[in-house]
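Shown next: entry23.cif, given as mmCIF, C-alpha atoms and all ligand atoms.
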```
data_final
loop_
_atom_site.label_atom_id
_atom_site.label_comp_id
_atom_site.auth_asym_id
_atom_site.auth_seq_id
_atom_site.Cartn_x
_atom_site.Cartn_y
_atom_site.Cartn_z
CA MET A 1 72.13 -9.30 126.56
CA ALA A 2 71.21 -5.68 127.28
CA THR A 3 72.47 -4.14 130.51
CA LYS A 4 69.60 -3.29 132.82
CA LEU A 5 70.21 0.14 134.30
CA PRO A 6 69.06 0.87 137.84
CA GLU A 7 66.35 3.55 138.04
CA SER A 8 67.69 6.89 139.17
CA PRO A 9 65.56 8.76 141.74
CA LYS A 10 63.08 11.40 140.60
CA VAL A 11 62.91 14.87 142.07
CA GLY A 12 59.83 17.11 142.01
CA MET A 13 60.12 20.88 142.32
CA VAL A 14 57.61 23.51 143.42
CA SER A 15 59.14 26.93 142.76
CA LEU A 16 57.45 29.96 144.30
CA GLY A 17 58.20 33.69 144.32
CA CYS A 18 60.27 35.99 142.18
CA PRO A 19 62.47 35.35 139.11
CA LYS A 20 65.56 35.21 141.38
CA ASN A 21 64.03 32.25 143.13
CA LEU A 22 63.21 30.69 139.77
CA VAL A 23 66.85 31.00 138.73
CA ASP A 24 67.87 29.34 142.00
CA SER A 25 65.44 26.49 141.25
CA GLU A 26 66.96 26.10 137.79
CA ARG A 27 70.47 25.95 139.23
CA ILE A 28 69.46 23.33 141.78
CA LEU A 29 67.74 21.21 139.13
CA THR A 30 70.67 21.59 136.72
CA LYS A 31 73.03 20.29 139.38
CA LEU A 32 70.70 17.42 140.32
CA ARG A 33 70.23 16.48 136.67
CA SER A 34 74.00 16.45 136.13
CA ASP A 35 74.26 14.23 139.22
CA GLY A 36 72.00 11.75 137.38
CA TYR A 37 68.60 12.51 138.97
CA GLN A 38 65.42 12.48 136.90
CA LEU A 39 62.82 15.20 137.19
CA SER A 40 59.22 14.51 138.01
CA GLY A 41 56.34 16.67 136.79
CA ASP A 42 53.96 15.45 139.50
CA TYR A 43 53.95 14.57 143.17
CA ALA A 44 53.09 10.91 142.64
CA GLY A 45 56.16 10.08 140.57
CA ALA A 46 58.70 11.90 142.78
CA ASP A 47 60.97 10.22 145.30
CA VAL A 48 61.45 13.57 146.97
CA VAL A 49 59.87 17.00 146.44
CA LEU A 50 61.72 20.30 146.77
CA VAL A 51 59.71 23.35 147.72
CA ASN A 52 61.63 26.54 146.94
CA THR A 53 59.84 29.09 149.08
CA CYS A 54 59.35 32.85 149.02
CA GLY A 55 59.06 34.91 152.20
CA PHE A 56 58.94 38.41 150.80
CA LEU A 57 55.47 39.31 152.06
CA ASP A 58 53.15 37.71 154.59
CA SER A 59 50.91 36.59 151.74
CA ALA A 60 53.93 34.97 150.02
CA LYS A 61 54.86 33.22 153.27
CA GLU A 62 51.35 31.85 153.63
CA GLU A 63 51.45 30.62 150.03
CA SER A 64 54.79 28.92 150.76
CA LEU A 65 53.41 27.21 153.87
CA GLU A 66 50.39 26.00 151.90
CA ALA A 67 52.70 24.61 149.20
CA ILE A 68 54.75 22.74 151.83
CA GLY A 69 51.53 21.34 153.33
CA GLU A 70 50.29 20.21 149.93
CA ALA A 71 53.61 18.52 149.08
CA ILE A 72 53.61 16.72 152.45
CA SER A 73 50.08 15.41 152.00
CA GLU A 74 50.55 14.47 148.31
CA ASN A 75 54.03 12.98 148.55
CA GLY A 76 55.33 13.01 152.14
CA ARG A 77 59.05 13.34 151.38
CA VAL A 78 59.70 17.08 151.28
CA ILE A 79 62.77 19.31 151.42
CA VAL A 80 62.22 23.04 151.94
CA THR A 81 64.62 25.63 150.59
CA GLY A 82 64.62 29.35 149.70
CA CYS A 83 63.82 32.47 151.70
CA MET A 84 61.66 30.68 154.28
CA GLY A 85 64.73 28.67 155.28
CA LYS A 86 65.32 31.47 157.79
CA GLU A 87 62.15 30.36 159.60
CA ALA A 88 63.13 26.74 160.01
CA GLU A 89 61.77 26.47 163.56
CA MET A 90 58.34 27.68 162.59
CA ILE A 91 58.25 25.32 159.57
CA ARG A 92 59.33 22.36 161.71
CA ALA A 93 56.70 23.17 164.32
CA ARG A 94 54.00 23.14 161.67
CA PHE A 95 55.40 20.31 159.49
CA PRO A 96 57.52 18.02 161.68
CA ASP A 97 57.90 15.49 158.83
CA VAL A 98 59.88 17.84 156.56
CA LEU A 99 63.15 16.05 155.73
CA ALA A 100 65.46 19.08 155.58
CA ILE A 101 65.31 22.88 155.49
CA THR A 102 67.97 25.01 153.81
CA GLY A 103 68.16 28.74 153.14
CA ALA A 104 68.27 30.85 149.99
CA HIS A 105 71.34 30.39 147.76
CA GLN A 106 72.51 27.32 149.72
CA TYR A 107 72.82 25.19 146.60
CA GLU A 108 75.34 22.82 148.05
CA GLU A 109 73.20 22.12 151.12
CA VAL A 110 69.97 21.56 149.24
CA VAL A 111 71.66 19.26 146.72
CA GLY A 112 73.31 17.42 149.65
CA ALA A 113 69.89 17.03 151.31
CA VAL A 114 68.49 15.45 148.11
CA HIS A 115 71.44 13.04 147.96
CA THR A 116 70.74 12.03 151.57
CA ALA A 117 66.97 11.70 151.12
CA ALA A 118 67.13 9.84 147.79
CA PRO A 119 70.64 8.46 147.20
CA MET A 120 71.68 7.64 143.65
CA PRO A 121 72.14 3.89 143.10
CA PRO A 122 75.79 3.12 142.30
CA SER A 123 76.10 2.75 138.52
CA ALA A 124 78.82 3.68 136.11
CA TYR A 125 76.15 4.48 133.52
CA LEU A 126 74.06 6.80 135.67
CA ASN A 127 76.79 8.48 137.69
CA LEU A 128 78.82 9.99 134.89
CA VAL A 129 80.48 12.17 137.48
CA PRO A 130 81.88 10.21 140.43
CA ASP A 131 80.55 11.03 143.91
CA SER A 132 83.84 12.67 144.75
CA GLY A 133 83.51 15.03 141.74
CA LEU A 134 85.97 15.41 138.87
CA LYS A 135 89.53 15.84 140.08
CA LEU A 136 92.65 17.19 138.45
CA THR A 137 94.89 15.71 141.13
CA PRO A 138 95.98 12.07 141.40
CA ARG A 139 93.50 9.78 143.15
CA HIS A 140 95.41 9.68 146.44
CA TYR A 141 95.37 13.39 147.28
CA SER A 142 92.70 16.05 146.99
CA TYR A 143 92.36 19.74 147.73
CA LEU A 144 89.45 20.60 149.98
CA LYS A 145 88.25 24.18 149.87
CA ILE A 146 86.65 25.27 153.12
CA SER A 147 85.83 28.91 152.40
CA GLU A 148 85.92 31.53 149.68
CA GLY A 149 86.97 35.18 149.85
CA CYS A 150 88.92 37.04 152.50
CA ASN A 151 88.25 39.74 155.12
CA HIS A 152 91.78 41.16 154.96
CA ARG A 153 93.01 43.81 152.59
CA CYS A 154 96.71 43.11 152.10
CA ALA A 155 98.13 45.90 149.98
CA PHE A 156 99.64 43.62 147.31
CA CYS A 157 96.57 41.43 146.83
CA ILE A 158 93.40 41.85 144.77
CA ILE A 159 91.67 38.66 145.87
CA PRO A 160 89.14 40.41 148.16
CA SER A 161 88.10 42.68 145.29
CA LEU A 162 87.74 39.67 142.99
CA ARG A 163 86.13 37.23 145.40
CA GLY A 164 84.67 39.37 148.16
CA ASP A 165 84.69 38.86 151.92
CA LEU A 166 85.08 35.50 153.60
CA VAL A 167 82.22 33.05 153.11
CA SER A 168 82.73 29.79 154.98
CA ARG A 169 81.21 26.51 153.85
CA ARG A 170 79.06 24.59 156.34
CA PRO A 171 81.19 22.12 158.30
CA ASP A 172 78.85 19.20 157.56
CA ALA A 173 79.06 19.90 153.80
CA ILE A 174 82.87 19.95 154.00
CA LEU A 175 82.95 16.72 156.01
CA ARG A 176 80.55 15.03 153.59
CA GLU A 177 82.81 16.02 150.69
CA ALA A 178 85.85 14.73 152.60
CA GLU A 179 84.13 11.40 153.18
CA LYS A 180 83.31 11.04 149.48
CA LEU A 181 86.88 11.86 148.51
CA VAL A 182 88.27 9.28 150.93
CA ALA A 183 85.76 6.68 149.70
CA ALA A 184 87.06 7.35 146.17
CA GLY A 185 90.69 6.72 147.18
CA THR A 186 91.98 9.97 148.67
CA LYS A 187 94.56 9.41 151.39
CA GLU A 188 95.65 13.00 151.87
CA LEU A 189 93.34 16.00 152.16
CA LEU A 190 94.91 19.40 151.53
CA VAL A 191 92.77 22.00 153.26
CA ILE A 192 92.79 25.29 151.35
CA SER A 193 91.11 28.70 151.45
CA GLN A 194 92.40 32.29 151.39
CA ASP A 195 92.70 32.27 155.19
CA THR A 196 92.16 28.87 156.80
CA SER A 197 92.54 30.18 160.34
CA ALA A 198 89.59 32.54 159.77
CA TYR A 199 87.33 29.62 158.83
CA GLY A 200 83.88 29.94 160.35
CA ILE A 201 84.05 33.47 161.75
CA ASP A 202 81.07 34.39 159.56
CA ILE A 203 78.98 31.38 160.66
CA ARG A 204 80.37 30.82 164.17
CA LYS A 205 76.93 30.58 165.73
CA GLU A 206 75.72 27.94 163.29
CA PRO A 207 76.97 24.56 164.46
CA ARG A 208 75.81 21.65 162.31
CA MET A 209 75.03 18.05 163.10
CA TRP A 210 77.54 15.52 161.84
CA LYS A 211 77.28 11.81 162.75
CA GLY A 212 74.98 12.65 165.64
CA GLU A 213 77.25 15.35 167.14
CA GLU A 214 77.38 19.12 166.75
CA VAL A 215 80.37 20.48 164.85
CA VAL A 216 81.23 24.13 165.41
CA PRO A 217 82.50 25.94 162.29
CA HIS A 218 86.01 26.58 163.63
CA MET A 219 89.36 25.54 162.21
CA THR A 220 90.27 23.33 165.19
CA ASP A 221 86.95 21.48 165.29
CA LEU A 222 86.96 21.01 161.55
CA ALA A 223 90.56 19.78 161.53
CA ARG A 224 89.77 17.28 164.28
CA GLU A 225 86.79 15.86 162.36
CA LEU A 226 88.74 15.73 159.10
CA GLY A 227 91.50 13.88 160.95
CA LYS A 228 88.98 11.15 161.79
CA ILE A 229 88.06 10.79 158.11
CA ALA A 230 91.36 10.89 156.17
CA PRO A 231 94.71 9.27 156.96
CA TRP A 232 96.54 12.52 156.20
CA VAL A 233 95.17 16.07 156.63
CA ARG A 234 97.39 19.00 155.72
CA LEU A 235 96.55 22.63 156.55
CA HIS A 236 97.47 25.40 154.12
CA TYR A 237 97.23 29.20 154.35
CA VAL A 238 97.04 29.47 158.11
CA TYR A 239 97.74 32.85 159.71
CA PRO A 240 99.43 32.81 163.12
CA TYR A 241 96.40 33.97 165.11
CA PRO A 242 96.42 32.89 168.77
CA HIS A 243 93.82 30.15 168.24
CA VAL A 244 96.16 28.36 165.83
CA ASP A 245 97.90 27.09 169.00
CA GLN A 246 94.90 24.78 169.47
CA VAL A 247 95.63 22.69 166.38
CA ILE A 248 99.19 21.85 167.46
CA PRO A 249 98.05 19.18 169.98
CA LEU A 250 96.01 17.56 167.16
CA MET A 251 99.29 17.28 165.25
CA ALA A 252 101.05 15.81 168.26
CA GLU A 253 98.22 13.24 168.53
CA GLY A 254 98.62 12.32 164.85
CA LEU A 255 95.11 13.45 163.83
CA VAL A 256 96.46 16.18 161.55
CA LEU A 257 99.84 16.21 159.79
CA PRO A 258 102.52 18.15 161.69
CA TYR A 259 102.72 20.75 158.95
CA LEU A 260 101.62 24.37 158.79
CA ASP A 261 101.75 26.55 155.71
CA ILE A 262 101.86 30.10 157.07
CA PRO A 263 102.42 32.85 154.51
CA PHE A 264 104.41 35.27 156.71
CA GLN A 265 105.43 37.40 153.68
CA HIS A 266 107.93 39.41 155.76
CA ALA A 267 109.24 39.90 159.28
CA SER A 268 110.06 43.60 159.45
CA ARG A 269 107.34 45.51 161.25
CA ASN A 270 107.58 48.44 158.81
CA VAL A 271 107.07 46.25 155.79
CA LEU A 272 104.28 44.21 157.38
CA LYS A 273 102.51 47.45 158.28
CA ALA A 274 102.87 48.77 154.73
CA MET A 275 101.61 45.42 153.45
CA LYS A 276 98.59 45.68 155.84
CA ARG A 277 99.14 42.08 156.88
CA PRO A 278 96.62 40.54 159.26
CA ALA A 279 99.26 39.41 161.78
CA ASN A 280 102.71 40.75 162.49
CA GLU A 281 105.78 38.93 163.65
CA ALA A 282 105.51 39.96 167.31
CA LYS A 283 105.82 36.85 169.44
CA VAL A 284 105.80 34.59 166.38
CA LEU A 285 109.27 33.27 167.14
CA GLU A 286 108.19 32.47 170.68
CA ARG A 287 105.12 30.67 169.40
CA LEU A 288 107.15 28.66 166.87
CA LYS A 289 109.30 27.54 169.81
CA ASN A 290 106.24 26.50 171.82
CA TRP A 291 104.77 24.63 168.85
CA ARG A 292 108.02 22.73 168.41
CA GLU A 293 108.02 21.82 172.09
CA ILE A 294 104.50 20.36 171.82
CA CYS A 295 105.10 18.75 168.43
CA PRO A 296 108.83 18.38 167.70
CA ASP A 297 108.27 17.12 164.15
CA ILE A 298 106.19 20.09 163.03
CA ALA A 299 107.29 21.43 159.62
CA ILE A 300 106.62 25.11 158.93
CA ARG A 301 106.35 26.27 155.36
CA SER A 302 106.14 29.92 154.42
CA THR A 303 106.40 32.40 151.58
CA PHE A 304 108.02 35.83 151.55
CA VAL A 305 107.95 38.87 149.31
CA VAL A 306 111.20 40.74 148.77
CA GLY A 307 111.47 44.25 147.32
CA PHE A 308 108.07 45.44 148.58
CA PRO A 309 107.82 49.26 148.15
CA GLY A 310 109.64 50.94 151.00
CA GLU A 311 111.66 47.86 152.01
CA THR A 312 115.05 49.16 153.16
CA GLU A 313 118.29 47.23 153.50
CA ASP A 314 117.68 47.27 157.27
CA ASP A 315 114.22 45.75 156.81
CA PHE A 316 115.70 43.07 154.61
CA GLU A 317 118.52 42.33 157.05
CA TYR A 318 115.92 42.06 159.81
CA LEU A 319 114.08 39.47 157.71
CA MET A 320 117.31 37.51 157.14
CA ASP A 321 118.08 37.44 160.88
CA TRP A 322 114.52 36.46 161.65
CA LEU A 323 114.73 33.57 159.17
CA GLU A 324 117.93 32.38 160.80
CA GLU A 325 116.18 32.31 164.13
CA ALA A 326 112.86 30.90 162.87
CA GLN A 327 114.55 27.93 161.14
CA LEU A 328 111.59 27.36 158.83
CA ASP A 329 111.54 24.02 157.05
CA ARG A 330 110.28 25.17 153.66
CA VAL A 331 110.48 28.65 152.18
CA GLY A 332 109.29 30.10 148.90
CA ALA A 333 109.94 33.70 147.87
CA PHE A 334 108.70 36.20 145.30
CA ARG A 335 110.13 39.44 144.07
CA PHE A 336 107.44 42.11 144.49
CA GLU A 337 105.49 42.77 141.30
CA PRO A 338 102.69 45.31 141.01
CA VAL A 339 99.34 43.65 140.28
CA GLU A 340 96.81 45.78 138.46
CA GLY A 341 94.36 47.21 140.98
CA ALA A 342 96.47 46.51 144.10
CA ALA A 343 96.84 49.30 146.68
CA ALA A 344 100.60 48.63 146.95
CA ASN A 345 101.15 50.08 143.49
CA ASP A 346 100.64 53.60 144.83
CA LEU A 347 103.12 53.23 147.68
CA PRO A 348 106.33 55.27 147.60
CA GLY A 349 109.81 53.75 147.74
CA ALA A 350 109.83 51.38 144.77
CA VAL A 351 112.79 49.01 145.07
CA PRO A 352 114.95 48.82 141.91
CA GLU A 353 114.77 45.50 140.05
CA ALA A 354 118.49 44.80 140.53
CA VAL A 355 118.13 45.20 144.31
CA LYS A 356 115.09 42.89 144.32
CA GLU A 357 117.09 40.26 142.43
CA GLU A 358 120.03 40.53 144.78
CA ARG A 359 117.82 40.24 147.90
CA TYR A 360 115.92 37.35 146.40
CA ALA A 361 119.15 35.46 145.71
CA ARG A 362 120.44 36.10 149.24
CA LEU A 363 117.19 34.95 150.79
CA MET A 364 117.06 31.77 148.70
CA GLU A 365 120.68 30.96 149.53
CA ARG A 366 120.12 31.39 153.28
CA THR A 367 116.89 29.39 153.37
CA ALA A 368 118.37 26.61 151.22
CA ALA A 369 121.21 26.26 153.74
CA ILE A 370 118.69 26.05 156.61
CA SER A 371 116.67 23.46 154.69
CA ALA A 372 119.79 21.38 153.91
CA ALA A 373 120.81 21.31 157.58
CA LYS A 374 117.32 20.34 158.70
CA LEU A 375 117.12 17.54 156.12
CA GLN A 376 120.59 16.24 157.10
CA ALA A 377 119.24 15.79 160.62
CA ARG A 378 116.65 13.39 159.25
CA ILE A 379 119.22 10.90 157.94
CA GLY A 380 118.90 7.62 159.84
CA ARG A 381 115.31 8.30 160.90
CA THR A 382 112.29 6.27 159.80
CA LEU A 383 109.43 8.36 158.41
CA ASP A 384 105.97 7.76 156.97
CA VAL A 385 105.98 8.49 153.24
CA ILE A 386 103.04 8.68 150.83
CA ILE A 387 103.92 7.30 147.39
CA ASP A 388 103.21 9.61 144.44
CA GLU A 389 104.80 7.61 141.63
CA VAL A 390 106.53 4.27 141.08
CA ASP A 391 108.95 4.15 138.15
CA GLN A 392 110.03 1.32 135.81
CA GLU A 393 113.51 1.07 137.33
CA GLY A 394 112.40 -0.02 140.79
CA GLY A 395 112.42 3.45 142.30
CA ALA A 396 109.58 5.60 143.55
CA ASN A 397 109.00 9.11 144.73
CA GLY A 398 106.87 10.18 147.59
CA ARG A 399 106.52 12.76 150.30
CA SER A 400 106.87 12.86 154.06
CA SER A 401 104.53 14.80 156.34
CA ALA A 402 106.82 17.82 155.77
CA ASP A 403 106.18 17.90 152.01
CA ALA A 404 103.03 19.18 150.33
CA PRO A 405 102.65 18.13 146.68
CA GLU A 406 104.10 20.41 143.99
CA ILE A 407 105.52 23.04 146.39
CA ASP A 408 107.84 21.18 148.78
CA GLY A 409 110.52 18.49 148.49
CA GLN A 410 110.26 14.78 147.81
CA VAL A 411 111.47 11.52 149.27
CA LEU A 412 113.17 9.49 146.52
CA LEU A 413 113.14 5.75 147.17
CA ARG A 414 115.17 2.80 145.94
CA ASP A 415 113.98 -0.83 145.98
CA ALA A 416 110.37 0.29 145.82
CA SER A 417 108.92 -1.64 142.86
CA HIS A 418 106.47 -3.46 145.16
CA LEU A 419 104.78 -0.16 146.10
CA THR A 420 101.71 1.46 144.56
CA GLU A 421 100.72 5.09 144.17
CA GLY A 422 98.92 6.22 147.33
CA ASP A 423 100.58 3.70 149.67
CA ILE A 424 101.73 5.16 152.97
CA VAL A 425 104.88 3.29 153.98
CA ARG A 426 107.66 3.47 156.55
CA VAL A 427 110.93 4.61 154.98
CA THR A 428 114.45 4.72 156.39
CA ILE A 429 116.19 7.93 155.33
CA GLU A 430 119.68 7.33 153.94
CA ASP A 431 120.69 10.66 152.45
CA ALA A 432 119.56 14.26 151.87
CA ASP A 433 120.32 17.30 149.74
CA GLU A 434 119.01 20.87 149.95
CA HIS A 435 115.38 20.02 149.34
CA ASP A 436 114.90 16.25 149.02
CA LEU A 437 115.44 13.10 151.07
CA PHE A 438 116.60 9.70 149.80
CA GLY A 439 115.59 6.43 151.42
CA VAL A 440 114.51 2.83 151.28
CA PRO A 441 111.21 1.27 152.38
CA VAL A 442 111.41 -0.62 155.64
CA ALA A 443 111.01 -4.34 154.87
CA SER A 444 107.58 -5.40 156.13
S1 LIG B 501 97.02 38.04 150.74
FE1 LIG B 501 95.68 36.53 151.62
S2 LIG B 501 95.06 37.43 153.60
FE2 LIG B 501 95.83 39.09 152.34
S3 LIG B 501 94.04 39.95 151.29
FE3 LIG B 501 94.98 38.45 149.91
S4 LIG B 501 93.84 36.60 150.29
FE4 LIG B 501 93.47 37.94 152.05
#
```
What does the file become when written as structure tokens?
Amino acid sequence: MATKLPESPKVGMVSLGCPKNLVDSERILTKLRSDGYQLSGDYAGADVVLVNTCGFLDSAKEESLEAIGEAISENGRVIVTGCMGKEAEMIRARFPDVLAITGAHQYEEVVGAVHTAAPMPPSAYLNLVPDSGLKLTPRHYSYLKISEGCNHRCAFCIIPSLRGDLVSRRPDAILREAEKLVAAGTKELLVISQDTSAYGIDIRKEPRMWKGEEVVPHMTDLARELGKIAPWVRLHYVYPYPHVDQVIPLMAEGLVLPYLDIPFQHASRNVLKAMKRPANEAKVLERLKNWREICPDIAIRSTFVVGFPGETEDDFEYLMDWLEEAQLDRVGAFRFEPVEGAAANDLPGAVPEAVKEERYARLMERTAAISAAKLQARIGRTLDVIIDEVDQEGGANGRSSADAPEIDGQVLLRDASHLTEGDIVRVTIEDADEHDLFGVPVAS
């Protein structure tokens, strides 16, 4: 017997204005088509109609308003996008029945509005791409990008010239994506960007409605909402700006994992200045202490560059002393390498390769000893562990809240054949080495 496929919704499009707007319309339709939607050539057959407006001249605005009016009277279910999105209040006053209004180039928002207005029926045949998108990570953890680009100009980095200044995603779009990922099996969301603590500074005055409440585009508010959606939320690439203090109580409450990935890169003021880093080490040690008082289990991960041009032995020694005092849980390091196009390449005081190697080895040795001591202190404790893999011999490997996938350590378990990938279980820690813990699941 033939399988009867559910009908996928049909979308109508009225595209006004210049060729740029036409290209936007094509992109929106391409995305909707790949999501499984059908296109409708007339109002009558459409489940929802998109009007991509132009607001270049008064006459173009009037034409756009007429097109919205016509779509409302012919179909009734209308989403407005394009240049006139800037005049949402005026459009709503004239056409209160419009379902959603989004601005020019807001592809994600307009596609999201179509999904809300005319949801795709669940079907493995229609939805070739799952709601959560195609993932390269295992089902139980997902990276969630909250912004693109960066407003800083660190001397060793070319990301701003490749990706431009910071552009934050709307909080409601991020939360919708998080919900889809969790519905598809994600247990751990890894929040990423170039600078997570700067999230929202470009759209601070644009709160969005989410589940009947306003969400301000700010790292703390976003982290709190994500914490309500996913069992584990981990924050990466956070700079130690003062407002980062606000997320620590969320960690103490258990809404967000007690883990911060802060790329300090160095501690010496001279080197940080030459690197043009957004924050320097002043008061950082004091703040680490305060964070640990509020949330004793917080794990701090960081990365450092050794051999940056102009780094003296004194600068390096300062970094080593600072690391001893900071007692970071996880540390990665790089030997400075010039990247084509980076401002650092023109700086004087290149550090010879042999010196870089020697400093790198010293730094890794010191931080491994700190890590080993910190992990020893965990022996005998019971920790939550997310299971990444169960092997054939009855063992499994997973991670505690202090371990991000791929970059940090693991918790290696015995007597774990009853577990499944993605389980979050209580584990008694029995042993430790420099980077990993060893344990056994607590009998339920
Ligand atoms: S290193 Fe990070 S903060 Fe600095 S410019 Fe590059 S992306 Fe921005």
**Request:** Could the residues that lie within 6 Å of ligand LIG 501 (chain B), counting all atoms listed in the file, be listed as an MDAnalysis selection string?
**Result:** chainID A and resid 150 152:154 157 159:160 194:195
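Of the listed residues (A:Val14, A:Val244, A:Ala104, A:Ile91), A:Val14 comes nearest to Leu39 in chain A; the distances count only C-alpha atoms.
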**Message:** Residues within 10 Å of Ala223 in chain A, please, as a count of residues only. Count all atoms listed in the file; anything in the same chain fewer than 2 positions from it doesn't count.
**Reply:** 19
**Prompt:** Pro263 in chain A: which residues within 10 Å, counting only C-alpha atoms, same-chain residues fewer than 2 positions away excluded, as a count of residues only?
**Reply:** 18
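CA of Asn397 in chain A to CA of Glu365 in chain A spans 25.2 Å [interatomic distance, one decimal].
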**Counting all atoms listed in the file, the option among A:Met275, A:Leu375, A:Ala416, A:Ala60 closest to Val390 in chain A** = A:Ala416
**d(CA of Lys10 in chain A, CA of Gln106 in chain A) in Å** = 20.6 Å
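Closest to Phe264 in chain A among A:Glu421, A:Pro6, A:Trp322, A:Trp291 is A:Trp322, based on only C-alpha atoms.
What separates CA of Glu213 in chain A from CA of Pro119 in chain A is a distance of 22.1 Å.
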**Message:** With only C-alpha atoms as the counted atoms, please give the residues lying no more than 10 Å from Leu272 in chain A, apart from itself and same-chain residues fewer than 4 positions off, as a count of residues only.
**Reply:** 15
**Message:** Show me the residues close to (55.0, 30.4, 148.9) - anything with an atom within 8 Å, counting only C-alpha atoms - and format the list as a VMD selection string.
**Reply:** chain A and resid 16 to 17 52 to 55 59 to 67
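Shortest atom-to-atom contact with Glu188 in chain A among A:Pro352, A:Gly422, A:Gly254, A:Gly439: A:Gly422, counting all atoms listed in the file.
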